[in-house]
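Take a look at the structure set out below.
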Amino acid sequence: MKTTIVNIVTPDGPVYDSEVSMVSVRTTAGEMGILAGHIPTVAPLTTGIVRLKKEKTTELVAVSGGFVEIRPDKVTILSPSAEVADSIDLARAKEALKRAEERLAEKKADTDFKRAESALSRAMNRINVKEGNI
Ligand code: ATP
């Protein structure tokens, strides 16, 4: 089976670099499965899970938006943050989730709801990747 190289890069440096048989990402227009030979494309991403399918395994990476650049032999994902399951601190994500839920529940006039919702979705995404809830 044909493979494609996937690079996931954040401002802190590279997070993932491997050859996969298929990668799926969550773009703002919906889930997108990418195989080798895909036509060149650039698409914005939402917070979500990147699924990296290999011969026998599927690896998961949590990303918080950014862009995917697709070329026939290579997929590059640029995101403000990205974590493989092993590097996710579950307790930290659960605390972030709790903080965001409390902020949203308070309904204070000066609450930045968009920011709290983004924090909530990043935290839930990390929890899902860590716990393998896919
Ligand atoms: P927190 O409130 O816990 O900082 P956050 O969603 O605000 O969460 P981000 O701003 O998205 O955090 O990320 C800041 C940095 O911390 C990034 O490098 C990201 O990879 C890392 N990070 C955030 N949460 C976790 C986590 N639960 N486990 C591991 N790394 C994390």
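Identifiers for the structure tokens are assigned positionally: chains receive A, B, ... in sequence, residues are indexed from 1 per chain, and ligands are indexed from 1 in the order shown.
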Hey, which residues come within 7 Å of ligand 1 if we count only C-alpha atoms and all ligand atoms? Could you give them as number ranges by chain? A: 12, 64, 81-83, 87-93, 96, 119, 122-123, 126
Could you take the residues named above and write them with C-alpha atoms, as a PDB file, in the first residue's frame?
```pdb
ATOM      1  CA  ASP A  12       7.370  24.608  20.281  1.00  0.00           C
ATOM      2  CA  SER A  64      -6.027  22.739  18.575  1.00  0.00           C
ATOM      3  CA  SER A  81      -0.576  22.982  20.062  1.00  0.00           C
ATOM      4  CA  ALA A  82      -0.477  19.244  19.388  1.00  0.00           C
ATOM      5  CA  GLU A  83       0.037  16.289  21.702  1.00  0.00           C
ATOM      6  CA  SER A  87       2.526  13.323  26.284  1.00  0.00           C
ATOM      7  CA  ILE A  88      -0.932  14.304  27.528  1.00  0.00           C
ATOM      8  CA  ASP A  89      -1.249  15.046  31.229  1.00  0.00           C
ATOM      9  CA  LEU A  90      -4.763  13.759  31.963  1.00  0.00           C
ATOM     10  CA  ALA A  91      -5.070  15.477  35.361  1.00  0.00           C
ATOM     11  CA  ARG A  92      -4.102  18.820  33.812  1.00  0.00           C
ATOM     12  CA  ALA A  93      -6.682  18.398  31.039  1.00  0.00           C
ATOM     13  CA  ALA A  96      -8.691  22.757  32.507  1.00  0.00           C
ATOM     14  CA  ALA A 119     -10.476  25.952  26.407  1.00  0.00           C
ATOM     15  CA  ARG A 122      -9.142  21.670  23.859  1.00  0.00           C
ATOM     16  CA  ALA A 123      -9.459  19.954  27.245  1.00  0.00           C
ATOM     17  CA  ARG A 126      -7.032  15.908  25.057  1.00  0.00           C
TER      18      ARG A 126
END
```
Strand (DSSP E or B) per DSSP on the backbone: members of chain A, as a ChimeraX atom specification: /A:4-10,13-20,22-27,30-34,41-53,58-71,74-78,82-84
Here is a test: counting only C-alpha atoms, which residue of A:Lys130, A:Lys56, A:Arg71, A:Lys2 is nearest to Ala43 of chain A? A:Arg71
Separating atom CA of Gly13 of chain A from atom CA of Thr76 of chain A, to the nearest tenth of an Å, is a gap of 13.0 Å
Among listed residues A:Leu52, A:Ala29, A:Val42, A:Ile5, nearest Val68 of chain A (using only C-alpha atoms):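 Comparing A:Leu52, A:Ala29, A:Val42, A:Ile5 against Val68 of chain A, the winner is A:Val42.
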Using only C-alpha atoms, which residue out of A:Leu35, A:Ala105, A:Ala100, A:Ile77 lies closest to Ser118 of chain A?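 So, comparing all the options, the nearest one is A:Ala100.
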Based on DSSP run over this structure's backbone, return all residues of chain A in alpha helix (DSSP H), as a PyMOL selection string. chain A and resi 90-106+113-131
Dump of N, CA and C atoms for the selected residues, as a compact mmCIF listing (two decimals), in the first residue's frame:
```txt
# COMPACT_ATOMS: atom_id res chain seq x y z
N LEU A 90 -3.31 13.90 31.82
CA LEU A 90 -4.76 13.76 31.96
C LEU A 90 -5.31 14.64 33.08
N ALA A 91 -4.60 14.68 34.22
CA ALA A 91 -5.07 15.48 35.36
C ALA A 91 -5.14 16.96 34.98
N ARG A 92 -4.12 17.41 34.24
CA ARG A 92 -4.10 18.82 33.81
C ARG A 92 -5.28 19.10 32.88
N ALA A 93 -5.56 18.19 31.96
CA ALA A 93 -6.68 18.40 31.04
C ALA A 93 -8.01 18.40 31.80
N LYS A 94 -8.13 17.53 32.81
CA LYS A 94 -9.37 17.48 33.58
C LYS A 94 -9.55 18.77 34.39
N GLU A 95 -8.44 19.31 34.90
CA GLU A 95 -8.53 20.58 35.63
C GLU A 95 -8.93 21.71 34.70
N ALA A 96 -8.35 21.71 33.49
CA ALA A 96 -8.69 22.76 32.51
C ALA A 96 -10.17 22.65 32.13
N LEU A 97 -10.66 21.42 32.00
CA LEU A 97 -12.07 21.21 31.66
C LEU A 97 -12.97 21.77 32.77
N LYS A 98 -12.60 21.46 34.01
CA LYS A 98 -13.40 21.91 35.16
C LYS A 98 -13.42 23.45 35.22
N ARG A 99 -12.25 24.05 35.04
CA ARG A 99 -12.17 25.52 35.06
C ARG A 99 -13.07 26.13 33.98
N ALA A 100 -13.01 25.56 32.78
CA ALA A 100 -13.80 26.09 31.66
C ALA A 100 -15.29 25.90 31.93
N GLU A 101 -15.66 24.73 32.47
CA GLU A 101 -17.08 24.47 32.76
C GLU A 101 -17.59 25.45 33.81
N GLU A 102 -16.76 25.70 34.84
CA GLU A 102 -17.17 26.63 35.90
C GLU A 102 -17.35 28.04 35.34
N ARG A 103 -16.39 28.43 34.49
CA ARG A 103 -16.46 29.77 33.90
C ARG A 103 -17.73 29.92 33.06
N LEU A 104 -18.06 28.88 32.30
CA LEU A 104 -19.25 28.96 31.45
C LEU A 104 -20.54 28.94 32.27
N ALA A 105 -20.51 28.21 33.40
CA ALA A 105 -21.71 28.10 34.24
C ALA A 105 -21.98 29.38 35.01
N GLU A 106 -20.91 30.13 35.34
CA GLU A 106 -21.07 31.36 36.13
C GLU A 106 -21.93 32.40 35.43
N PHE A 113 -16.77 34.15 26.69
CA PHE A 113 -17.36 32.83 26.43
C PHE A 113 -16.62 32.07 25.34
N LYS A 114 -16.24 32.80 24.32
CA LYS A 114 -15.53 32.14 23.21
C LYS A 114 -14.24 31.49 23.71
N ARG A 115 -13.54 32.24 24.55
CA ARG A 115 -12.27 31.73 25.08
C ARG A 115 -12.53 30.51 25.98
N ALA A 116 -13.56 30.61 26.81
CA ALA A 116 -13.88 29.49 27.71
C ALA A 116 -14.32 28.26 26.91
N GLU A 117 -15.09 28.49 25.85
CA GLU A 117 -15.53 27.35 25.01
C GLU A 117 -14.35 26.71 24.29
N SER A 118 -13.40 27.54 23.85
CA SER A 118 -12.21 26.99 23.18
C SER A 118 -11.39 26.16 24.17
N ALA A 119 -11.24 26.68 25.38
CA ALA A 119 -10.48 25.95 26.41
C ALA A 119 -11.16 24.63 26.72
N LEU A 120 -12.51 24.67 26.79
CA LEU A 120 -13.28 23.45 27.07
C LEU A 120 -13.07 22.42 25.95
N SER A 121 -13.10 22.89 24.71
CA SER A 121 -12.97 21.90 23.63
C SER A 121 -11.54 21.37 23.54
N ARG A 122 -10.53 22.18 23.84
CA ARG A 122 -9.14 21.67 23.86
C ARG A 122 -9.00 20.60 24.95
N ALA A 123 -9.57 20.90 26.12
CA ALA A 123 -9.46 19.95 27.24
C ALA A 123 -10.18 18.64 26.93
N MET A 124 -11.40 18.75 26.38
CA MET A 124 -12.15 17.52 26.06
C MET A 124 -11.43 16.71 24.99
N ASN A 125 -10.85 17.40 24.03
CA ASN A 125 -10.13 16.73 22.96
C ASN A 125 -8.93 15.95 23.52
N ARG A 126 -8.20 16.58 24.45
CA ARG A 126 -7.03 15.91 25.06
C ARG A 126 -7.48 14.69 25.86
N ILE A 127 -8.58 14.86 26.59
CA ILE A 127 -9.10 13.74 27.39
C ILE A 127 -9.50 12.58 26.46
N ASN A 128 -10.16 12.90 25.36
CA ASN A 128 -10.58 11.86 24.41
C ASN A 128 -9.38 11.12 23.82
N VAL A 129 -8.34 11.86 23.47
CA VAL A 129 -7.15 11.20 22.91
C VAL A 129 -6.48 10.33 23.97
N LYS A 130 -6.33 10.88 25.18
CA LYS A 130 -5.66 10.13 26.24
C LYS A 130 -6.43 8.86 26.61
N GLU A 131 -7.75 9.00 26.66
CA GLU A 131 -8.57 7.84 27.08
C GLU A 131 -8.95 6.97 25.89
```
Hey, what's within 8 Å of Ile49 of chain A if we count only C-alpha atoms and toss same-chain stuff fewer than 2 positions away? As a PyMOL selection string, please? chain A and resi 25-26+47+51+60-63+125+129
Expected file contents, prior selection, N, CA, C and O atoms, as a PDB file, in the first residue's frame:
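Output below, filename selection_16.pdb:
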```pdb
ATOM      1  N   VAL A  25      -8.181  14.200   9.364  1.00  0.00           N
ATOM      2  CA  VAL A  25      -8.129  15.455  10.125  1.00  0.00           C
ATOM      3  C   VAL A  25      -9.526  16.061  10.172  1.00  0.00           C
ATOM      4  O   VAL A  25     -10.372  15.735   9.339  1.00  0.00           O
ATOM      5  N   ARG A  26      -9.727  16.950  11.157  1.00  0.00           N
ATOM      6  CA  ARG A  26     -11.025  17.633  11.217  1.00  0.00           C
ATOM      7  C   ARG A  26     -10.863  19.056  10.695  1.00  0.00           C
ATOM      8  O   ARG A  26     -10.308  19.907  11.392  1.00  0.00           O
ATOM      9  N   THR A  47     -10.243  22.358  16.478  1.00  0.00           N
ATOM     10  CA  THR A  47      -9.707  21.510  17.540  1.00  0.00           C
ATOM     11  C   THR A  47     -10.277  20.110  17.320  1.00  0.00           C
ATOM     12  O   THR A  47     -11.479  19.952  17.117  1.00  0.00           O
ATOM     13  N   ARG A  51      -6.022  11.318  13.172  1.00  0.00           N
ATOM     14  CA  ARG A  51      -5.856   9.853  13.228  1.00  0.00           C
ATOM     15  C   ARG A  51      -4.836   9.428  12.190  1.00  0.00           C
ATOM     16  O   ARG A  51      -5.007   9.746  11.003  1.00  0.00           O
ATOM     17  N   LEU A  60      -3.125   8.523  17.592  1.00  0.00           N
ATOM     18  CA  LEU A  60      -3.982   9.699  17.725  1.00  0.00           C
ATOM     19  C   LEU A  60      -3.171  10.886  18.216  1.00  0.00           C
ATOM     20  O   LEU A  60      -2.320  10.741  19.093  1.00  0.00           O
ATOM     21  N   VAL A  61      -3.449  12.043  17.634  1.00  0.00           N
ATOM     22  CA  VAL A  61      -2.807  13.275  18.093  1.00  0.00           C
ATOM     23  C   VAL A  61      -3.897  14.325  18.290  1.00  0.00           C
ATOM     24  O   VAL A  61      -4.759  14.501  17.416  1.00  0.00           O
ATOM     25  N   ALA A  62      -3.864  14.993  19.442  1.00  0.00           N
ATOM     26  CA  ALA A  62      -4.819  16.080  19.698  1.00  0.00           C
ATOM     27  C   ALA A  62      -4.228  17.366  19.134  1.00  0.00           C
ATOM     28  O   ALA A  62      -3.085  17.714  19.450  1.00  0.00           O
ATOM     29  N   VAL A  63      -4.976  18.061  18.281  1.00  0.00           N
ATOM     30  CA  VAL A  63      -4.505  19.359  17.787  1.00  0.00           C
ATOM     31  C   VAL A  63      -5.558  20.429  18.094  1.00  0.00           C
ATOM     32  O   VAL A  63      -6.751  20.131  18.204  1.00  0.00           O
ATOM     33  N   ASN A 125     -10.854  17.404  24.034  1.00  0.00           N
ATOM     34  CA  ASN A 125     -10.125  16.728  22.960  1.00  0.00           C
ATOM     35  C   ASN A 125      -8.933  15.951  23.524  1.00  0.00           C
ATOM     36  O   ASN A 125      -8.689  14.797  23.170  1.00  0.00           O
ATOM     37  N   VAL A 129      -8.337  11.860  23.470  1.00  0.00           N
ATOM     38  CA  VAL A 129      -7.146  11.202  22.908  1.00  0.00           C
ATOM     39  C   VAL A 129      -6.476  10.332  23.966  1.00  0.00           C
ATOM     40  O   VAL A 129      -6.132   9.178  23.715  1.00  0.00           O
TER      41      VAL A 129
END
```
Would you kindly return, as a PDB file with N, CA and C atoms, in the first residue's frame, each protein, DNA or RNA residue with an atom no farther than 12 Å from any atom of Pro72 of chain A, considering only C-alpha atoms and excluding same-chain residues fewer than 2 positions away?
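Below you can see around_34.pdb, which holds the result:
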```pdb
ATOM      1  N   LYS A   2       0.442   2.248  -0.746  1.00  0.00           N
ATOM      2  CA  LYS A   2       1.182   3.513  -0.821  1.00  0.00           C
ATOM      3  C   LYS A   2       1.106   4.236   0.528  1.00  0.00           C
ATOM      4  N   THR A   3       2.172   4.937   0.860  1.00  0.00           N
ATOM      5  CA  THR A   3       2.172   5.668   2.129  1.00  0.00           C
ATOM      6  C   THR A   3       2.454   7.146   1.872  1.00  0.00           C
ATOM      7  N   THR A   4       2.170   7.929   2.888  1.00  0.00           N
ATOM      8  CA  THR A   4       2.463   9.363   2.807  1.00  0.00           C
ATOM      9  C   THR A   4       3.165   9.783   4.106  1.00  0.00           C
ATOM     10  N   ILE A   5       4.027  10.776   4.004  1.00  0.00           N
ATOM     11  CA  ILE A   5       4.723  11.261   5.204  1.00  0.00           C
ATOM     12  C   ILE A   5       3.849  12.309   5.886  1.00  0.00           C
ATOM     13  N   VAL A   6       3.745  12.213   7.216  1.00  0.00           N
ATOM     14  CA  VAL A   6       2.978  13.219   7.963  1.00  0.00           C
ATOM     15  C   VAL A   6       3.894  13.917   8.962  1.00  0.00           C
ATOM     16  N   ILE A  34      -7.199  11.401   4.177  1.00  0.00           N
ATOM     17  CA  ILE A  34      -6.206  11.714   3.146  1.00  0.00           C
ATOM     18  C   ILE A  34      -5.319  10.491   2.881  1.00  0.00           C
ATOM     19  N   LEU A  35      -5.238  10.132   1.615  1.00  0.00           N
ATOM     20  CA  LEU A  35      -4.376   9.023   1.187  1.00  0.00           C
ATOM     21  C   LEU A  35      -3.233   9.594   0.346  1.00  0.00           C
ATOM     22  N   ALA A  36      -2.187   8.781   0.122  1.00  0.00           N
ATOM     23  CA  ALA A  36      -1.087   9.194  -0.752  1.00  0.00           C
ATOM     24  C   ALA A  36      -1.657   9.546  -2.122  1.00  0.00           C
ATOM     25  N   GLY A  37      -1.060  10.553  -2.755  1.00  0.00           N
ATOM     26  CA  GLY A  37      -1.489  10.926  -4.097  1.00  0.00           C
ATOM     27  C   GLY A  37      -2.596  11.973  -4.111  1.00  0.00           C
ATOM     28  N   HIS A  38      -2.955  12.471  -2.924  1.00  0.00           N
ATOM     29  CA  HIS A  38      -4.030  13.479  -2.838  1.00  0.00           C
ATOM     30  C   HIS A  38      -3.616  14.754  -3.590  1.00  0.00           C
ATOM     31  N   ILE A  39      -4.576  15.415  -4.195  1.00  0.00           N
ATOM     32  CA  ILE A  39      -4.240  16.670  -4.881  1.00  0.00           C
ATOM     33  C   ILE A  39      -3.829  17.724  -3.853  1.00  0.00           C
ATOM     34  N   PRO A  40      -2.938  18.643  -4.246  1.00  0.00           N
ATOM     35  CA  PRO A  40      -2.491  19.682  -3.312  1.00  0.00           C
ATOM     36  C   PRO A  40      -3.663  20.524  -2.792  1.00  0.00           C
ATOM     37  N   THR A  41      -3.706  20.668  -1.488  1.00  0.00           N
ATOM     38  CA  THR A  41      -4.806  21.385  -0.822  1.00  0.00           C
ATOM     39  C   THR A  41      -4.281  22.041   0.451  1.00  0.00           C
ATOM     40  N   GLU A  69      -1.631  21.203   5.235  1.00  0.00           N
ATOM     41  CA  GLU A  69      -1.166  21.396   3.862  1.00  0.00           C
ATOM     42  C   GLU A  69      -0.943  20.008   3.279  1.00  0.00           C
ATOM     43  N   ILE A  70      -1.679  19.711   2.204  1.00  0.00           N
ATOM     44  CA  ILE A  70      -1.594  18.375   1.612  1.00  0.00           C
ATOM     45  C   ILE A  70      -0.855  18.466   0.283  1.00  0.00           C
ATOM     46  N   LYS A  74       3.136  14.117   0.885  1.00  0.00           N
ATOM     47  CA  LYS A  74       3.421  14.648   2.221  1.00  0.00           C
ATOM     48  C   LYS A  74       2.257  15.471   2.770  1.00  0.00           C
ATOM     49  N   VAL A  75       1.979  15.288   4.056  1.00  0.00           N
ATOM     50  CA  VAL A  75       0.935  16.076   4.725  1.00  0.00           C
ATOM     51  C   VAL A  75       1.588  16.810   5.897  1.00  0.00           C
ATOM     52  N   THR A  76       1.434  18.121   5.916  1.00  0.00           N
ATOM     53  CA  THR A  76       2.001  18.918   7.011  1.00  0.00           C
ATOM     54  C   THR A  76       0.857  19.561   7.783  1.00  0.00           C
TER      55      THR A  76
END
```
